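First the structure, in the form of structure tokens, and then the observations on it.
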Amino acid sequence: MEEVQRKELVCIGCPLGCAVTVELSGGQVGKITGNTCPRGAEYARKELTDPRRIVTSVVQVEGGELAVVPVKTLAQIPRAKVMDCVGVLKGIRLQAPVHRGDVVVENVCGTGVDVAATGEVERAR
């Protein structure tokens with residue numbers, strides 16, 4: 001019989017922040033307790049089998065009224081790719097103007113997810 005491991009998580013699926021306990025046996029998710037809504041169980045299962053994150057950062061802008069523009073991934077990417085994504089964003093230099101929704105990087109790190117500007121930077125006057 002395989003040993004049952006317990007993992008403790010704080011759910012981020014809603015503002016309640018439930019303390020969720022997950023039992024794992026042979027690497028498989030078993031019993032999930034502590035969640036007050038279905039999102040807690042879904043979050044815990046996903047966090048232990050395929051953790052993903054939204055990445056938010058800034059990239060440099062040349063010739064603009066501001067030196068940087070905020071950006072974010074348009075969907076979650078695998079947690080293991082987050083630092084690679086940040087590294088890619090560090091190397092980007094955009095030319096002003098930059099508009100909200102402009103795609104800054106397509107298919108970042110082979111994830112199939114684009115990174116887009118979430119702010120505006122006009123040309124310097």
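Each chain in the structure tokens gets a letter, A, B and so on, in the order shown; residues start at 1 in every chain, and ligands are counted from 1 in the order they appear.
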### Message
What parts of chain A does DSSP call helix (DSSP H, G or I)? I'd like the answer as a ChimeraX atom specification.
### Response
/A:38-49,79-90,108-110
| query | Hey, what's within 12 Å of region 113-115 of chain A if we count only C-alpha atoms and toss same-chain stuff fewer than 2 positions away? As an NGL selection string, please? | reply | :A and (52-59 or 70-78 or 81-82 or 85-86 or 88-89 or 92 or 100-111 or 117-118)
Dump of N, CA and C atoms for the selected residues, as a short mmCIF file (atom, residue, chain, number, x, y, z; two decimals), in the first residue's frame:
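Printed below is again_15.cif as written:
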data_model
loop_
_atom_site.label_atom_id
_atom_site.label_comp_id
_atom_site.auth_asym_id
_atom_site.auth_seq_id
_atom_site.Cartn_x
_atom_site.Cartn_y
_atom_site.Cartn_z
N ARG A 52 0.10 26.74 -13.06
CA ARG A 52 0.23 27.78 -14.08
C ARG A 52 0.08 29.15 -13.43
N ARG A 53 0.64 30.16 -14.09
CA ARG A 53 0.60 31.52 -13.57
C ARG A 53 0.41 32.53 -14.69
N ILE A 54 -0.22 33.66 -14.35
CA ILE A 54 -0.22 34.85 -15.21
C ILE A 54 1.06 35.60 -14.86
N VAL A 55 1.77 36.09 -15.86
CA VAL A 55 2.98 36.88 -15.62
C VAL A 55 2.68 38.34 -15.90
N THR A 56 2.98 39.19 -14.94
CA THR A 56 2.88 40.64 -15.15
C THR A 56 4.26 41.22 -14.95
N SER A 57 4.60 42.20 -15.79
CA SER A 57 5.92 42.81 -15.73
C SER A 57 5.86 44.15 -16.44
N VAL A 58 7.02 44.72 -16.72
CA VAL A 58 7.13 45.92 -17.54
C VAL A 58 8.21 45.68 -18.58
N VAL A 59 8.10 46.38 -19.71
CA VAL A 59 9.16 46.35 -20.71
C VAL A 59 9.57 47.78 -21.03
N PRO A 70 3.51 48.62 -18.74
CA PRO A 70 3.15 47.35 -18.11
C PRO A 70 2.65 46.35 -19.16
N VAL A 71 2.97 45.07 -18.92
CA VAL A 71 2.57 43.99 -19.82
C VAL A 71 2.12 42.80 -18.98
N LYS A 72 1.38 41.89 -19.63
CA LYS A 72 1.03 40.63 -18.96
C LYS A 72 0.73 39.57 -20.01
N THR A 73 0.86 38.31 -19.56
CA THR A 73 0.49 37.21 -20.44
C THR A 73 -1.03 37.21 -20.57
N LEU A 74 -1.51 36.85 -21.74
CA LEU A 74 -2.95 36.87 -21.99
C LEU A 74 -3.67 35.64 -21.43
N ALA A 75 -2.89 34.69 -20.94
CA ALA A 75 -3.43 33.50 -20.28
C ALA A 75 -2.34 32.98 -19.35
N GLN A 76 -2.67 32.00 -18.58
CA GLN A 76 -1.68 31.40 -17.68
C GLN A 76 -0.68 30.59 -18.48
N ILE A 77 0.56 30.59 -18.00
CA ILE A 77 1.61 29.76 -18.59
C ILE A 77 2.11 28.80 -17.53
N PRO A 78 2.76 27.70 -17.93
CA PRO A 78 3.29 26.77 -16.93
C PRO A 78 4.24 27.49 -15.97
N LYS A 81 7.87 27.89 -16.68
CA LYS A 81 8.30 28.80 -17.74
C LYS A 81 8.28 30.28 -17.31
N VAL A 82 7.85 30.57 -16.09
CA VAL A 82 7.70 31.96 -15.65
C VAL A 82 9.03 32.72 -15.72
N CYS A 85 10.07 33.45 -19.23
CA CYS A 85 9.24 34.52 -19.77
C CYS A 85 9.76 35.88 -19.29
N VAL A 86 10.05 35.99 -18.01
CA VAL A 86 10.58 37.25 -17.46
C VAL A 86 11.90 37.60 -18.13
N VAL A 88 12.82 36.86 -21.19
CA VAL A 88 12.51 37.35 -22.54
C VAL A 88 12.05 38.81 -22.46
N LEU A 89 11.19 39.11 -21.50
CA LEU A 89 10.66 40.46 -21.38
C LEU A 89 11.74 41.48 -21.02
N ILE A 92 13.40 43.08 -24.15
CA ILE A 92 12.58 43.76 -25.16
C ILE A 92 12.69 45.27 -25.01
N ARG A 100 -2.50 49.96 -25.33
CA ARG A 100 -3.07 48.84 -24.58
C ARG A 100 -3.57 47.80 -25.57
N GLY A 101 -3.16 46.56 -25.33
CA GLY A 101 -3.59 45.47 -26.21
C GLY A 101 -2.57 45.12 -27.28
N ASP A 102 -1.57 46.00 -27.51
CA ASP A 102 -0.52 45.66 -28.48
C ASP A 102 0.19 44.39 -28.02
N VAL A 103 0.35 43.44 -28.92
CA VAL A 103 1.07 42.21 -28.60
C VAL A 103 2.56 42.52 -28.61
N VAL A 104 3.20 42.25 -27.50
CA VAL A 104 4.62 42.53 -27.31
C VAL A 104 5.46 41.31 -27.68
N VAL A 105 4.98 40.11 -27.32
CA VAL A 105 5.64 38.85 -27.66
C VAL A 105 4.56 37.84 -28.01
N GLU A 106 4.72 37.20 -29.16
CA GLU A 106 3.82 36.12 -29.54
C GLU A 106 4.39 34.80 -29.04
N ASN A 107 3.53 33.92 -28.58
CA ASN A 107 3.91 32.57 -28.20
C ASN A 107 5.14 32.57 -27.29
N VAL A 108 5.07 33.30 -26.20
CA VAL A 108 6.23 33.46 -25.33
C VAL A 108 6.73 32.09 -24.84
N CYS A 109 7.99 31.85 -25.05
CA CYS A 109 8.68 30.63 -24.59
C CYS A 109 8.00 29.34 -25.07
N GLY A 110 7.35 29.41 -26.23
CA GLY A 110 6.72 28.23 -26.79
C GLY A 110 5.48 27.78 -26.05
N THR A 111 4.87 28.67 -25.27
CA THR A 111 3.69 28.30 -24.48
C THR A 111 2.38 28.41 -25.24
N ALA A 117 0.64 44.56 -24.02
CA ALA A 117 0.72 45.77 -23.20
C ALA A 117 -0.61 45.97 -22.49
N THR A 118 -0.53 46.40 -21.24
CA THR A 118 -1.75 46.69 -20.48
C THR A 118 -1.85 48.18 -20.17
#
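Residues lying within 8 Å of region 34-49 of chain A, counting only C-alpha atoms and ignoring same-chain neighbours fewer than 3 positions away, are Leu9, Cys11, Ile12, Gly13, Cys14, Cys18, Ala19, Val20, Thr21, Val22, Val29 and Arg52 of chain A.
The environment of Gly26 (chain A) within 10 Å, counting only C-alpha atoms and disregarding residues fewer than 5 places along the same chain, consists of Met1, Glu2, Glu3, Val4 and Gln5 of chain A.
As for CA of Met83 (chain A) and CA of Val69 (chain A), they are spaced 19.0 Å apart.
Taking the backbone of this structure through DSSP, the residues of region 77-114 of chain A that come out as strand (DSSP E or B) are A:Ile77, A:Pro78, A:Arg93, A:Leu94, A:Gln95, A:Val98, A:Val103, A:Val104, A:Val105.
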Next, the residues of the selection above should be written as a PDB file, in the first residue's frame with N, CA and C atoms.
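Writing the result to selection23.pdb gives the following:
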ATOM      1  N   ILE A  77       0.559  30.590 -17.995  1.00  0.00           N
ATOM      2  CA  ILE A  77       1.606  29.764 -18.594  1.00  0.00           C
ATOM      3  C   ILE A  77       2.113  28.799 -17.525  1.00  0.00           C
ATOM      4  N   PRO A  78       2.761  27.704 -17.933  1.00  0.00           N
ATOM      5  CA  PRO A  78       3.288  26.773 -16.930  1.00  0.00           C
ATOM      6  C   PRO A  78       4.236  27.493 -15.968  1.00  0.00           C
ATOM      7  N   ARG A  93      12.818  45.950 -26.148  1.00  0.00           N
ATOM      8  CA  ARG A  93      12.805  47.416 -26.218  1.00  0.00           C
ATOM      9  C   ARG A  93      11.771  47.793 -27.268  1.00  0.00           C
ATOM     10  N   LEU A  94      10.696  48.427 -26.847  1.00  0.00           N
ATOM     11  CA  LEU A  94       9.651  48.859 -27.768  1.00  0.00           C
ATOM     12  C   LEU A  94       9.874  50.304 -28.167  1.00  0.00           C
ATOM     13  N   GLN A  95       9.339  50.676 -29.311  1.00  0.00           N
ATOM     14  CA  GLN A  95       9.358  52.068 -29.754  1.00  0.00           C
ATOM     15  C   GLN A  95       7.983  52.669 -29.496  1.00  0.00           C
ATOM     16  N   VAL A  98       3.064  53.007 -27.722  1.00  0.00           N
ATOM     17  CA  VAL A  98       2.611  51.654 -27.381  1.00  0.00           C
ATOM     18  C   VAL A  98       1.187  51.797 -26.862  1.00  0.00           C
ATOM     19  N   VAL A 103       0.349  43.436 -28.924  1.00  0.00           N
ATOM     20  CA  VAL A 103       1.071  42.207 -28.596  1.00  0.00           C
ATOM     21  C   VAL A 103       2.563  42.518 -28.611  1.00  0.00           C
ATOM     22  N   VAL A 104       3.199  42.248 -27.495  1.00  0.00           N
ATOM     23  CA  VAL A 104       4.621  42.525 -27.306  1.00  0.00           C
ATOM     24  C   VAL A 104       5.457  41.305 -27.684  1.00  0.00           C
ATOM     25  N   VAL A 105       4.981  40.115 -27.315  1.00  0.00           N
ATOM     26  CA  VAL A 105       5.644  38.849 -27.656  1.00  0.00           C
ATOM     27  C   VAL A 105       4.564  37.843 -28.015  1.00  0.00           C
TER      28      VAL A 105
END
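Take CA of Asp84 (chain A) and CA of Val10 (chain A): the distance between them is 25.6 Å.
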